[in-house]
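Visitor: Contents of work.tsv (TSV, C-alpha atoms):
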```tsv
chain	number	residue	atom	x	y	z
F	711	MET	CA	-24.38	-0.47	-44.69
F	712	THR	CA	-26.72	1.83	-42.76
F	713	VAL	CA	-26.40	-0.46	-39.74
F	714	ARG	CA	-22.65	-0.26	-39.90
F	715	ARG	CA	-22.64	3.47	-40.26
F	716	SER	CA	-25.01	4.05	-37.37
F	717	SER	CA	-23.08	1.72	-35.08
F	718	LEU	CA	-19.91	3.53	-36.12
F	719	ALA	CA	-21.60	6.83	-35.25
F	720	ALA	CA	-22.69	5.39	-31.93
F	721	ALA	CA	-19.14	4.29	-31.23
F	722	VAL	CA	-17.83	7.75	-32.09
F	723	ILE	CA	-20.38	9.42	-29.82
F	724	LEU	CA	-19.51	6.97	-27.06
F	725	LEU	CA	-15.80	7.69	-27.42
F	726	ALA	CA	-16.34	11.43	-27.52
F	727	GLY	CA	-18.59	11.12	-24.48
F	728	THR	CA	-16.02	9.30	-22.38
F	729	ALA	CA	-13.24	11.61	-23.51
F	730	LEU	CA	-15.28	14.63	-22.48
F	731	ALA	CA	-16.31	13.11	-19.16
F	732	SER	CA	-12.72	12.30	-18.25
F	733	ASP	CA	-11.49	15.73	-19.37
F	734	THR	CA	-13.94	17.72	-17.29
F	735	ASP	CA	-13.42	15.34	-14.38
F	736	ARG	CA	-9.68	15.74	-14.28
F	737	ARG	CA	-8.43	17.43	-11.17
F	738	SER	CA	-5.03	18.29	-9.85
F	739	GLY	CA	-3.96	17.02	-6.43
F	740	PHE	CA	-4.27	20.71	-5.49
F	741	ASP	CA	-8.07	20.45	-5.69
F	742	PHE	CA	-8.15	17.72	-3.03
F	743	MET	CA	-6.14	19.69	-0.45
F	744	GLY	CA	-7.47	21.71	2.46
F	745	PRO	CA	-7.78	25.49	2.05
F	746	GLN	CA	-4.71	26.16	4.22
F	747	THR	CA	-2.42	23.97	2.13
F	748	GLN	CA	-3.89	25.48	-1.04
F	749	ALA	CA	-3.20	28.98	0.25
F	750	MET	CA	0.37	27.97	1.08
F	751	GLN	CA	0.98	26.82	-2.50
F	752	ALA	CA	-0.74	29.82	-4.06
F	753	ASP	CA	1.25	32.47	-2.16
F	754	ASP	CA	4.88	32.62	-3.34
F	755	THR	CA	6.00	34.18	-0.07
F	756	ALA	CA	4.48	31.26	1.91
F	757	ASN	CA	5.28	28.42	-0.50
F	758	PRO	CA	8.39	26.66	0.90
F	759	GLY	CA	9.12	25.26	-2.58
F	760	MET	CA	10.01	28.80	-3.76
F	761	LEU	CA	13.21	28.61	-1.70
F	762	SER	CA	14.28	25.67	-3.84
F	763	VAL	CA	13.35	27.60	-7.00
F	764	LEU	CA	15.58	30.46	-5.83
F	765	ASP	CA	18.44	28.02	-5.15
F	766	GLY	CA	17.88	26.70	-8.65
F	767	GLU	CA	18.21	30.20	-10.09
F	768	ASP	CA	21.60	30.55	-8.37
F	769	LEU	CA	22.77	27.21	-9.72
F	770	TRP	CA	21.53	28.14	-13.20
F	771	ASN	CA	23.87	31.12	-13.21
F	772	THR	CA	26.89	29.48	-11.55
F	773	PRO	CA	29.67	28.04	-13.75
F	774	ALA	CA	30.45	24.39	-12.97
F	775	GLY	CA	32.62	21.48	-14.09
F	776	ALA	CA	35.76	21.20	-16.19
F	777	ALA	CA	34.05	23.29	-18.88
F	778	ASN	CA	33.48	26.03	-16.30
F	779	ARG	CA	30.18	26.91	-17.91
F	780	SER	CA	26.84	27.75	-16.34
F	781	CYS	CA	23.45	26.69	-17.66
F	782	ALA	CA	22.90	30.37	-18.48
F	783	ASP	CA	26.04	30.44	-20.66
F	784	CYS	CA	24.32	28.08	-23.07
F	785	HIS	CA	20.62	28.79	-22.48
F	786	GLY	CA	20.57	32.47	-21.52
F	787	ASP	CA	17.56	33.77	-19.63
F	788	ALA	CA	15.53	30.80	-18.38
F	789	ALA	CA	12.34	32.88	-18.35
F	790	THR	CA	12.38	32.75	-22.16
F	791	SER	CA	14.54	29.74	-23.07
F	792	MET	CA	12.94	27.34	-20.56
F	793	ARG	CA	9.36	28.59	-20.89
F	794	GLY	CA	7.19	25.62	-21.87
F	795	VAL	CA	10.04	23.09	-21.80
F	796	ALA	CA	8.76	21.14	-18.77
F	797	THR	CA	5.31	20.83	-20.38
F	798	ARG	CA	6.84	18.46	-22.98
F	799	TYR	CA	8.76	16.07	-20.67
F	800	PRO	CA	9.50	13.18	-20.56
F	801	SER	CA	10.51	13.58	-24.20
F	802	TYR	CA	12.16	11.32	-26.76
F	803	ASP	CA	15.93	11.35	-26.76
F	804	GLU	CA	17.48	10.42	-30.10
F	805	LYS	CA	20.71	9.17	-28.54
F	806	ALA	CA	19.03	7.01	-25.91
F	807	LYS	CA	16.30	5.92	-28.38
F	808	ALA	CA	13.98	6.23	-25.39
F	809	PRO	CA	12.20	8.92	-23.41
F	810	ILE	CA	14.11	10.79	-20.71
F	811	THR	CA	12.79	12.88	-17.84
F	812	LEU	CA	13.59	16.53	-17.19
F	813	ASP	CA	15.94	15.44	-14.38
F	814	GLN	CA	17.72	13.10	-16.77
F	815	ARG	CA	18.11	15.95	-19.29
F	816	ILE	CA	19.58	18.20	-16.60
F	817	LEU	CA	22.01	15.43	-15.61
F	818	GLN	CA	22.91	14.94	-19.28
F	819	CYS	CA	23.75	18.65	-19.73
F	820	ARG	CA	25.79	18.54	-16.56
F	821	ALA	CA	27.81	15.54	-17.71
F	822	ASP	CA	28.25	16.37	-21.41
F	823	ARG	CA	28.38	20.16	-21.50
F	824	GLN	CA	29.56	21.20	-18.08
F	825	GLU	CA	31.72	18.10	-17.59
F	826	ALA	CA	30.80	18.25	-13.94
F	827	PRO	CA	30.37	15.34	-11.49
F	828	PRO	CA	26.79	14.02	-11.47
F	829	LEU	CA	24.26	15.30	-8.96
F	830	ALA	CA	22.72	12.55	-6.82
F	831	TRP	CA	19.03	11.72	-7.22
F	832	GLU	CA	16.97	13.66	-4.67
F	833	SER	CA	19.93	15.90	-3.86
F	834	PRO	CA	18.87	19.48	-3.02
F	835	ASP	CA	20.81	20.78	-6.05
F	836	LEU	CA	19.11	18.51	-8.57
F	837	LEU	CA	15.69	19.23	-7.05
F	838	ALA	CA	16.45	22.96	-7.15
F	839	LEU	CA	17.50	22.98	-10.82
F	840	SER	CA	14.51	20.87	-11.73
F	841	ALA	CA	12.16	23.12	-9.74
F	842	TYR	CA	13.65	26.24	-11.35
F	843	VAL	CA	13.30	24.92	-14.88
F	844	ALA	CA	9.77	23.54	-14.33
F	845	HIS	CA	8.72	26.78	-12.61
F	846	GLN	CA	9.30	28.62	-15.90
F	847	SER	CA	6.27	26.70	-17.24
F	848	ARG	CA	3.96	27.37	-14.32
F	849	GLY	CA	0.42	27.88	-15.62
F	850	LEU	CA	1.12	26.38	-19.06
F	851	PRO	CA	-0.79	23.23	-20.09
F	852	VAL	CA	0.95	19.84	-20.16
F	853	GLU	CA	1.71	18.76	-23.75
F	854	THR	CA	3.71	15.57	-23.16
F	855	GLY	CA	3.22	12.62	-25.48
F	856	ALA	CA	2.57	14.28	-28.85
F	857	ASP	CA	5.67	12.68	-30.45
F	858	PRO	CA	4.59	9.35	-32.07
F	859	GLN	CA	7.97	7.79	-31.21
F	860	LEU	CA	6.77	7.83	-27.61
F	861	THR	CA	3.74	5.63	-28.20
F	862	PRO	CA	5.27	2.26	-27.21
F	863	PHE	CA	6.72	3.80	-24.06
F	864	ILE	CA	3.37	5.36	-23.11
F	865	ASP	CA	1.78	1.93	-23.57
F	866	GLN	CA	4.45	0.41	-21.34
F	867	GLY	CA	3.72	3.07	-18.69
F	868	ARG	CA	0.01	2.30	-18.86
F	869	GLU	CA	0.84	-1.36	-18.36
F	870	LEU	CA	2.85	-0.54	-15.23
F	871	PHE	CA	0.01	1.67	-14.00
F	872	THR	CA	-2.59	-1.06	-14.29
F	873	GLN	CA	-0.64	-4.11	-13.11
F	874	ARG	CA	-1.25	-5.24	-9.54
F	875	GLN	CA	1.81	-5.40	-7.33
F	876	GLY	CA	3.09	-5.84	-3.80
F	877	GLN	CA	1.88	-7.86	-0.84
F	878	LEU	CA	-1.40	-5.90	-0.85
F	879	ASP	CA	-1.77	-6.61	-4.59
F	880	PHE	CA	-2.94	-3.20	-5.81
F	881	SER	CA	-2.42	-1.43	-9.11
F	882	CYS	CA	-1.98	2.34	-9.30
F	883	ALA	CA	-5.29	2.38	-11.20
F	884	ASP	CA	-7.10	0.61	-8.32
F	885	CYS	CA	-6.58	3.76	-6.28
F	886	HIS	CA	-6.11	6.61	-8.77
F	887	ASP	CA	-8.67	5.64	-11.46
F	888	ALA	CA	-11.25	3.64	-9.51
F	889	ASN	CA	-11.19	5.31	-6.08
F	890	TRP	CA	-9.93	8.89	-6.36
F	891	GLY	CA	-11.71	11.33	-4.09
F	892	LYS	CA	-12.21	8.68	-1.40
F	893	ARG	CA	-10.46	8.57	1.92
F	894	LEU	CA	-7.60	6.11	2.52
F	895	GLY	CA	-7.16	6.51	6.26
F	896	GLY	CA	-6.32	10.19	6.73
F	897	ALA	CA	-5.47	10.95	3.08
F	898	VAL	CA	-7.78	11.76	0.19
F	899	ILE	CA	-6.74	9.74	-2.88
F	900	PRO	CA	-5.91	12.18	-5.73
F	901	GLN	CA	-6.04	11.36	-9.45
F	902	ALA	CA	-2.23	11.21	-9.59
F	903	HIS	CA	-1.54	14.04	-12.03
F	904	PRO	CA	2.16	14.89	-11.75
F	905	THR	CA	1.65	18.61	-12.40
F	906	GLY	CA	3.39	20.12	-9.36
F	907	TYR	CA	6.79	18.38	-9.30
F	908	PRO	CA	9.20	18.67	-7.70
F	909	ILE	CA	6.90	19.37	-4.74
F	910	TYR	CA	7.34	20.53	-1.18
F	911	ARG	CA	5.62	17.80	0.85
F	912	LEU	CA	4.60	18.68	4.40
F	913	GLU	CA	5.03	15.05	5.52
F	914	TRP	CA	8.62	15.06	4.23
F	915	GLN	CA	9.34	18.58	5.46
F	916	ALA	CA	11.32	18.82	2.25
F	917	MET	CA	11.30	19.00	-1.52
F	918	GLY	CA	10.95	15.71	-3.35
F	919	SER	CA	10.72	14.40	-6.89
F	920	LEU	CA	7.89	12.53	-8.57
F	921	GLN	CA	10.01	9.38	-8.32
F	922	ARG	CA	10.15	9.76	-4.54
F	923	ARG	CA	6.34	10.13	-4.51
F	924	LEU	CA	5.86	7.03	-6.66
F	925	ARG	CA	8.26	5.05	-4.48
F	926	ASN	CA	6.08	6.01	-1.50
F	927	CYS	CA	2.99	4.64	-3.23
F	928	MET	CA	4.82	1.41	-4.10
F	929	ALA	CA	6.07	1.02	-0.52
F	930	GLY	CA	2.48	1.61	0.62
F	931	VAL	CA	1.31	-1.52	-1.16
F	932	ARG	CA	4.47	-3.31	0.04
F	933	ALA	CA	5.94	-3.60	-3.44
F	934	GLU	CA	9.63	-3.30	-4.30
F	935	PRO	CA	10.01	0.36	-5.37
F	936	TYR	CA	11.70	0.94	-8.74
F	937	GLY	CA	15.16	2.50	-8.56
F	938	PHE	CA	15.72	6.23	-9.12
F	939	GLY	CA	16.37	6.84	-12.81
F	940	SER	CA	15.05	3.42	-13.85
F	941	PRO	CA	13.22	3.07	-17.20
F	942	GLU	CA	10.07	2.05	-15.29
F	943	HIS	CA	9.98	5.42	-13.52
F	944	THR	CA	10.41	7.24	-16.82
F	945	GLU	CA	7.64	5.20	-18.44
F	946	LEU	CA	5.26	5.74	-15.51
F	947	GLU	CA	6.01	9.48	-15.54
F	948	LEU	CA	5.48	9.59	-19.31
F	949	PHE	CA	2.14	7.83	-18.99
F	950	LEU	CA	1.02	10.07	-16.10
F	951	MET	CA	2.02	13.27	-17.94
F	952	THR	CA	0.23	12.15	-21.10
F	953	ARG	CA	-2.84	11.38	-18.98
F	954	ALA	CA	-2.59	14.89	-17.49
F	955	ARG	CA	-2.40	16.61	-20.90
F	956	GLY	CA	-4.05	20.04	-20.80
F	957	LEU	CA	-3.77	20.53	-17.04
F	958	PRO	CA	-1.58	23.50	-16.03
F	959	LEU	CA	1.85	22.95	-14.45
F	960	GLU	CA	2.07	24.17	-10.83
F	961	THR	CA	5.72	23.79	-9.86
F	962	PRO	CA	6.53	24.16	-7.04
F	963	GLY	CA	3.46	22.31	-5.74
F	964	VAL	CA	2.77	21.89	-2.04
F	965	ARG	CA	1.25	18.58	-0.93
F	966	PRO	CA	0.22	17.16	2.46
N	709	MET	CA	5.71	-17.35	-25.52
N	710	ARG	CA	6.39	-21.07	-25.15
N	711	VAL	CA	6.33	-22.53	-21.69
N	712	PRO	CA	8.82	-25.36	-21.11
N	713	PRO	CA	7.10	-28.62	-20.10
N	714	SER	CA	9.10	-28.71	-16.86
N	715	LEU	CA	7.52	-25.41	-15.83
N	716	ILE	CA	4.07	-26.73	-16.56
N	717	THR	CA	4.78	-29.77	-14.41
N	718	LEU	CA	6.09	-27.55	-11.65
N	719	ALA	CA	3.00	-25.36	-11.84
N	720	LEU	CA	0.77	-28.42	-11.68
N	721	VAL	CA	2.62	-29.78	-8.68
N	722	LEU	CA	2.35	-26.40	-6.95
N	723	VAL	CA	-1.38	-26.21	-7.64
N	724	LEU	CA	-1.85	-29.73	-6.35
N	725	VAL	CA	0.14	-29.05	-3.21
N	726	THR	CA	-1.16	-25.60	-2.27
N	727	ALA	CA	-4.69	-25.37	-3.65
N	728	PRO	CA	-6.44	-27.99	-1.50
N	729	ALA	CA	-5.28	-26.34	1.72
N	730	PHE	CA	-7.29	-23.31	0.67
N	731	ALA	CA	-9.97	-24.79	-1.52
N	732	GLU	CA	-11.00	-27.65	0.73
N	733	ARG	CA	-11.64	-25.23	3.59
N	734	ILE	CA	-14.20	-23.28	1.57
N	735	VAL	CA	-17.87	-24.20	1.87
N	736	GLY	CA	-20.13	-21.98	-0.22
N	737	ASP	CA	-19.08	-18.41	0.60
N	738	ALA	CA	-17.57	-19.31	3.97
N	739	MET	CA	-14.56	-20.90	5.65
N	740	PRO	CA	-16.28	-22.58	8.60
N	741	ASP	CA	-13.27	-24.19	10.33
N	742	ARG	CA	-10.69	-22.29	12.33
N	743	LEU	CA	-7.34	-21.67	10.60
N	744	ALA	CA	-5.41	-22.18	13.85
N	745	ALA	CA	-5.72	-24.62	16.73
N	746	ALA	CA	-6.31	-21.99	19.40
N	747	PRO	CA	-9.53	-19.95	19.38
N	748	GLY	CA	-9.11	-16.26	18.52
N	749	ASP	CA	-8.85	-13.57	21.17
N	750	PRO	CA	-11.23	-10.63	20.50
N	751	GLU	CA	-9.09	-8.17	22.42
N	752	ARG	CA	-6.01	-8.93	20.35
N	753	GLY	CA	-8.26	-8.84	17.31
N	754	ARG	CA	-9.37	-5.29	18.10
N	755	ALA	CA	-5.74	-4.18	18.37
N	756	ILE	CA	-4.96	-5.70	14.97
N	757	VAL	CA	-8.01	-4.15	13.29
N	758	THR	CA	-7.18	-0.65	14.55
N	759	SER	CA	-3.44	-0.88	13.85
N	760	ARG	CA	-2.05	0.97	10.84
N	761	GLN	CA	0.96	-1.35	10.75
N	762	THR	CA	-0.60	-4.82	11.04
N	763	GLY	CA	-4.31	-4.95	10.17
N	764	LEU	CA	-4.50	-1.82	7.97
N	765	CYS	CA	-8.30	-2.27	8.09
N	766	LEU	CA	-9.11	1.35	8.95
N	767	LEU	CA	-7.25	2.58	5.88
N	768	CYS	CA	-10.36	1.49	3.97
N	769	HIS	CA	-13.07	0.69	6.54
N	770	SER	CA	-14.70	2.73	9.25
N	771	GLY	CA	-16.23	1.20	12.34
N	772	PRO	CA	-17.18	1.70	16.00
N	773	PHE	CA	-13.74	3.00	17.04
N	774	PRO	CA	-14.39	6.51	18.38
N	775	GLU	CA	-10.73	6.94	19.43
N	776	GLU	CA	-9.46	6.41	15.87
N	777	ARG	CA	-9.38	9.74	14.06
N	778	PHE	CA	-8.59	8.73	10.50
N	779	GLN	CA	-10.88	6.06	9.11
N	780	GLY	CA	-11.24	5.22	5.43
N	781	ASP	CA	-14.36	5.34	3.29
N	782	LEU	CA	-13.33	2.92	0.53
N	783	ALA	CA	-15.28	0.04	2.08
N	784	PRO	CA	-18.44	-0.74	4.07
N	785	SER	CA	-18.42	0.09	7.79
N	786	LEU	CA	-17.44	-2.78	10.06
N	787	ALA	CA	-20.24	-1.80	12.49
N	788	GLY	CA	-22.74	-4.65	12.76
N	789	VAL	CA	-20.64	-7.03	10.65
N	790	GLY	CA	-21.04	-9.71	13.35
N	791	SER	CA	-24.78	-9.84	12.79
N	792	ARG	CA	-24.60	-9.56	8.98
N	793	LEU	CA	-22.11	-12.39	8.50
N	794	SER	CA	-21.31	-15.70	10.19
N	795	GLU	CA	-17.81	-16.31	11.58
N	796	GLY	CA	-17.09	-18.57	8.63
N	797	GLN	CA	-18.15	-15.87	6.16
N	798	ILE	CA	-16.01	-13.28	7.94
N	799	ARG	CA	-13.03	-15.69	7.95
N	800	LEU	CA	-13.17	-16.22	4.18
N	801	ARG	CA	-13.57	-12.49	3.50
N	802	ILE	CA	-10.39	-11.79	5.43
N	803	ALA	CA	-8.39	-14.80	4.27
N	804	ASP	CA	-9.21	-14.46	0.58
N	805	ALA	CA	-11.68	-11.75	-0.48
N	806	ARG	CA	-10.10	-11.73	-3.96
N	807	GLY	CA	-10.98	-15.40	-4.31
N	808	LEU	CA	-14.65	-14.48	-3.81
N	809	ASP	CA	-14.49	-11.47	-6.12
N	810	PRO	CA	-11.35	-10.96	-8.24
N	811	ASP	CA	-12.21	-7.28	-8.74
N	812	THR	CA	-12.51	-6.29	-5.10
N	813	ILE	CA	-9.84	-4.08	-3.57
N	814	MET	CA	-10.14	-5.88	-0.22
N	815	PRO	CA	-6.74	-7.61	0.11
N	816	SER	CA	-6.48	-11.38	0.59
N	817	TYR	CA	-4.81	-11.52	3.99
N	818	LEU	CA	-3.71	-15.16	3.90
N	819	ARG	CA	-2.57	-15.55	0.30
N	820	THR	CA	1.04	-15.54	-0.75
N	821	ASP	CA	0.66	-16.89	-4.29
N	822	GLY	CA	0.01	-14.97	-7.50
N	823	LEU	CA	1.70	-11.80	-6.21
N	824	ASP	CA	4.12	-9.61	-8.17
N	825	ARG	CA	7.09	-7.53	-7.07
N	826	VAL	CA	6.52	-7.99	-3.34
N	827	ALA	CA	9.11	-6.03	-1.31
N	828	GLU	CA	11.76	-8.24	0.22
N	829	THR	CA	10.61	-7.80	3.84
N	830	TRP	CA	7.19	-9.20	3.00
N	831	ARG	CA	8.07	-11.79	0.38
N	832	GLY	CA	6.48	-15.20	0.96
N	833	LYS	CA	4.58	-13.94	4.00
N	834	PRO	CA	0.82	-13.43	4.28
N	835	ILE	CA	-0.39	-10.00	5.51
N	836	LEU	CA	-1.68	-11.63	8.71
N	837	SER	CA	-0.87	-15.05	10.17
N	838	ALA	CA	-3.55	-17.69	10.62
N	839	GLY	CA	-3.59	-16.98	14.36
N	840	GLU	CA	-3.98	-13.22	13.83
N	841	ILE	CA	-6.85	-13.82	11.43
N	842	GLU	CA	-8.57	-15.92	14.11
N	843	ASP	CA	-8.17	-13.01	16.55
N	844	VAL	CA	-9.71	-10.61	14.02
N	845	VAL	CA	-12.60	-13.01	13.28
N	846	ALA	CA	-13.29	-13.41	17.00
N	847	PHE	CA	-13.35	-9.63	17.40
N	848	LEU	CA	-15.53	-8.85	14.36
N	849	ALA	CA	-18.05	-11.46	15.52
N	850	THR	CA	-18.62	-9.27	18.61
N	851	LEU	CA	-19.61	-6.25	16.46
N	852	LYS	CA	-23.35	-6.93	16.59
N	853	ASP	CA	-24.70	-3.43	15.96
```
What's the structure tokens form of this structure?
Guide:
Amino acid sequence: MTVRRSSLAAAVILLAGTALASDTDRRSGFDFMGPQTQAMQADDTANPGMLSVLDGEDLWNTPAGAANRSCADCHGDAATSMRGVATRYPSYDEKAKAPITLDQRILQCRADRQEAPPLAWESPDLLALSAYVAHQSRGLPVETGADPQLTPFIDQGRELFTQRQGQLDFSCADCHDANWGKRLGGAVIPQAHPTGYPIYRLEWQAMGSLQRRLRNCMAGVRAEPYGFGSPEHTELELFLMTRARGLPLETPGVRP
Amino acid sequence: MRVPPSLITLALVLVLVTAPAFAERIVGDAMPDRLAAAPGDPERGRAIVTSRQTGLCLLCHSGPFPEERFQGDLAPSLAGVGSRLSEGQIRLRIADARGLDPDTIMPSYLRTDGLDRVAETWRGKPILSAGEIEDVVAFLATLKD
């Protein structure tokens, strides 16, 4: 009995220890950037992603579709109605019986409530709306994953994160868990916390979604990238956001 | 999950056909015999090692390549590898490092089996051909210090 209790205590201490270590060790991609790129993100007048946020604000207030309604007609002032929303995505959708991303929610509102033609993935308008909504949560901690209905999907995302793939036969975890902070050619490998999306990426000279970023990583290991809007992308995003719980949102992030 | 007997037979046949080609070349921790008829060319080997499109080596390794600005630090430096390892040891580490150590991140440059979700352009192809690997081996063998 005493043996069992003490080994249980040891296990608890061990668990608490690792949880603490990983919490204090968690760093945003921001922390791995050079001071110039950091300054560009931190200053709203220099951050190119703010232009997309401003476009998003326009779109938020512009009536669209057969319903001729704007987002604001239903949701009012985004500064209050959208505050904190992005910290909980991807979230469980009762109709889909599956998690959906913030982009998918925006597309759903557009189809069902505005009755407007869909926006294409990676289109400037979808990126702008997504940036505008996520920007309302800037500075708030990620809370994704609290809903127990999400558990099997988080597990699926973890599976995708740890499975080796592509001609180079790497898992995401090979780089982002085992080798973050090291140099892969010219780039420092970050921990892969999706806290700044959509981001302005200097290499793209444009805004881009998390899915575009993940497709880049998959192409890097010469794997077949998952399609935009695929369940695999949602599950990976859900896993990454759950893993980033507690870190503040940064949208619009700037990345090299 | 139940595996149909036909699949098991197929797997066995595949193992029998492909494994010896690899396995019978390995002696201890080395692959002593050349993978291609022609000897490798060190100059071509250097170009492959420093290329970000073919060799990809400098994504992870550094080495005596002063003109290359961005070198990785995920792996030991290639400087002096020619005096640390024999040609046969170098050959096996390029052809199939994962065979030596399943946990290493050094890719297996000659393997095409056991891979998942390979993009169409690369499917069924090794990262480097046997001839290219011989070029790289010939070059690394010259890195004595």
Visitor: Using all atoms listed in the file, what table do you get, as a Markdown table, when you list each residue of chain N with an atom no more than 8 Å from chain F, its nearest pair of atoms, and their distance in Å rounded to one decimal, rows by chain then rising number?
Guide:
```
| residue | atom | partner | partner_atom | distance |
| --- | --- | --- | --- | --- |
| N:Leu766 | CA | F:Gly895 | CA | 6.1 |
| N:Leu767 | CA | F:Gly895 | CA | 3.9 |
| N:Cys768 | CA | F:Leu894 | CA | 5.6 |
| N:Arg777 | CA | F:Gly896 | CA | 8.0 |
| N:Phe778 | CA | F:Gly896 | CA | 4.6 |
| N:Gln779 | CA | F:Gly895 | CA | 4.7 |
| N:Gly780 | CA | F:Gly895 | CA | 4.4 |
| N:Asp781 | CA | F:Arg893 | CA | 5.2 |
| N:Leu782 | CA | F:Lys892 | CA | 6.2 |
| N:Ile813 | CA | F:Asp884 | CA | 7.2 |
| N:Pro815 | CA | F:Leu878 | CA | 5.7 |
| N:Ser816 | CA | F:Leu878 | CA | 7.6 |
| N:Thr820 | CA | F:Gln877 | CA | 7.7 |
| N:Leu823 | CA | F:Asp879 | CA | 6.4 |
| N:Asp824 | CA | F:Gln875 | CA | 4.9 |
| N:Arg825 | CA | F:Gly876 | CA | 5.4 |
| N:Val826 | CA | F:Gly876 | CA | 4.1 |
| N:Ala827 | CA | F:Glu934 | CA | 4.1 |
| N:Glu828 | CA | F:Glu934 | CA | 7.0 |
| N:Trp830 | CA | F:Gln877 | CA | 6.7 |
| N:Arg831 | CA | F:Gln877 | CA | 7.4 |
| N:Pro834 | CA | F:Gln877 | CA | 7.6 |
| N:Ile835 | CA | F:Gln877 | CA | 7.1 |
```
Visitor: Could you jot down the atom CA of Ser785 of chain N to atom CA of Gln746 of chain F separation for me, Å, one decimal place?
Guide: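 According to the coordinates, atom CA of Ser785 of chain N and atom CA of Gln746 of chain F are separated by 29.7 Å.
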Visitor: In terms of the shortest atom-to-atom distance over all atoms listed in the file, which of N:Pro810, N:Pro772, N:Gly796, N:Gly736 is closest to Glu842 of chain N?
Guide: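 Looking only at the distances to Glu842 of chain N, the closest residue turns out to be N:Gly796.
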Visitor: Tell me, in Å to one decimal, how far atom CA of Lys807 of chain F is from atom CA of Asp822 of chain F.
Guide: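 Rounded to one decimal, the two atoms are 17.3 Å apart.
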Visitor: I'd like the interatomic distance between atom CA of Arg799 of chain N and atom CA of Ala731 of chain N, to a tenth of an Å.
Guide: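 Interatomic distance here is 13.5 Å.
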Visitor: Find the residue from N:Arg792, N:Arg819, N:Lys833, N:Arg801 that sits nearest to Asp853 of chain N; use only C-alpha atoms when measuring.
Guide: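 Of N:Arg792, N:Arg819, N:Lys833, N:Arg801, the one nearest Asp853 of chain N is N:Arg792, counting only C-alpha atoms.
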Visitor: When distances are computed from all atoms listed in the file, which of N:Ile756, N:Leu800, N:Ala783, N:Leu793 shows the smallest separation from Phe730 of chain N?
Guide: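 Ranked by minimum distance to Phe730 of chain N, first place goes to N:Leu800.
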Visitor: Find the residue from F:Pro941, F:Pro966, F:Pro958, F:Gly855 that sits nearest to Leu912 of chain F; use all atoms listed in the file when measuring.
Guide: F:Pro966
Visitor: Would you kindly return, as a list of chain:residue names, each protein, DNA or RNA residue with an atom no farther than 10 Å from any atom of Met743 of chain F, considering only C-alpha atoms and excluding same-chain residues fewer than 4 positions away?
Guide: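 Residues near the query, excluding close chain neighbours: F:Ser738, F:Gly739, F:Thr747, F:Gln748, F:Ala749, F:Ala897, F:Val898, F:Pro900, F:Val964, F:Arg965, F:Pro966.
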Visitor: Using all atoms listed in the file, find all polymer residues with an atom at most 10 Å away from the point (14.5, 5.7, -13.1); report them as a list in words.
Guide: Ile810, Thr811, Asp813, Gln814, Trp831, Gln921, Tyr936, Gly937, Phe938, Gly939, Ser940, Pro941, Glu942, His943, Thr944, Glu945, Leu946 and Glu947 of chain F
Visitor: Which is closer to Asn771 of chain F than all the others in F:Gly786, F:Pro862, F:Pro758, F:Pro827, using all atoms listed in the file?
Guide: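 That would be F:Gly786, the residue with the smallest distance to Asn771 of chain F.
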Visitor: At a cut-off of 8 Å, using only C-alpha atoms, what residues contact Leu743 of chain N? Leave out same-chain residues fewer than 6 positions from it and give the result as an MDAnalysis selection string.
Guide: chainID N and resid 838:839 841:842
Visitor: Using only C-alpha atoms, which residues sit within 12 Å of Arg752 of chain N once same-chain residues fewer than 2 positions away are excluded, as a PyMOL selection string?
Guide: chain N and resi 747-750+754-759+762-763+839-848
Visitor: Considering all atoms listed in the file, state which residue in the set F:Ala830, F:Ala777, F:Leu948, F:Met917 is at the smallest distance from Thr861 of chain F.
Guide: F:Leu948
Visitor: Using the incomplete input, complete segment 748-753 of chain F to the level of N, CA, C and O atoms; output as a compact mmCIF listing (two decimals), in the coordinates of the input.
Guide:
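Once everything was written out, this is part07.txt:
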```
# COMPACT_ATOMS: atom_id res chain seq x y z
N GLN F 748 -3.71 24.81 0.25
CA GLN F 748 -3.89 25.48 -1.04
C GLN F 748 -3.34 26.91 -0.98
O GLN F 748 -2.62 27.35 -1.89
N ALA F 749 -3.67 27.59 0.11
CA ALA F 749 -3.20 28.98 0.25
C ALA F 749 -1.67 29.02 0.31
O ALA F 749 -1.04 29.93 -0.24
N MET F 750 -1.09 28.01 0.97
CA MET F 750 0.37 27.97 1.08
C MET F 750 1.00 27.82 -0.30
O MET F 750 2.00 28.48 -0.62
N GLN F 751 0.43 26.97 -1.15
CA GLN F 751 0.98 26.82 -2.50
C GLN F 751 0.79 28.09 -3.33
O GLN F 751 1.68 28.48 -4.09
N ALA F 752 -0.39 28.71 -3.17
CA ALA F 752 -0.74 29.82 -4.06
C ALA F 752 0.06 31.10 -3.77
O ALA F 752 0.22 31.93 -4.66
N ASP F 753 0.55 31.23 -2.54
CA ASP F 753 1.25 32.47 -2.16
C ASP F 753 2.76 32.23 -2.20
O ASP F 753 3.31 31.50 -1.38
```
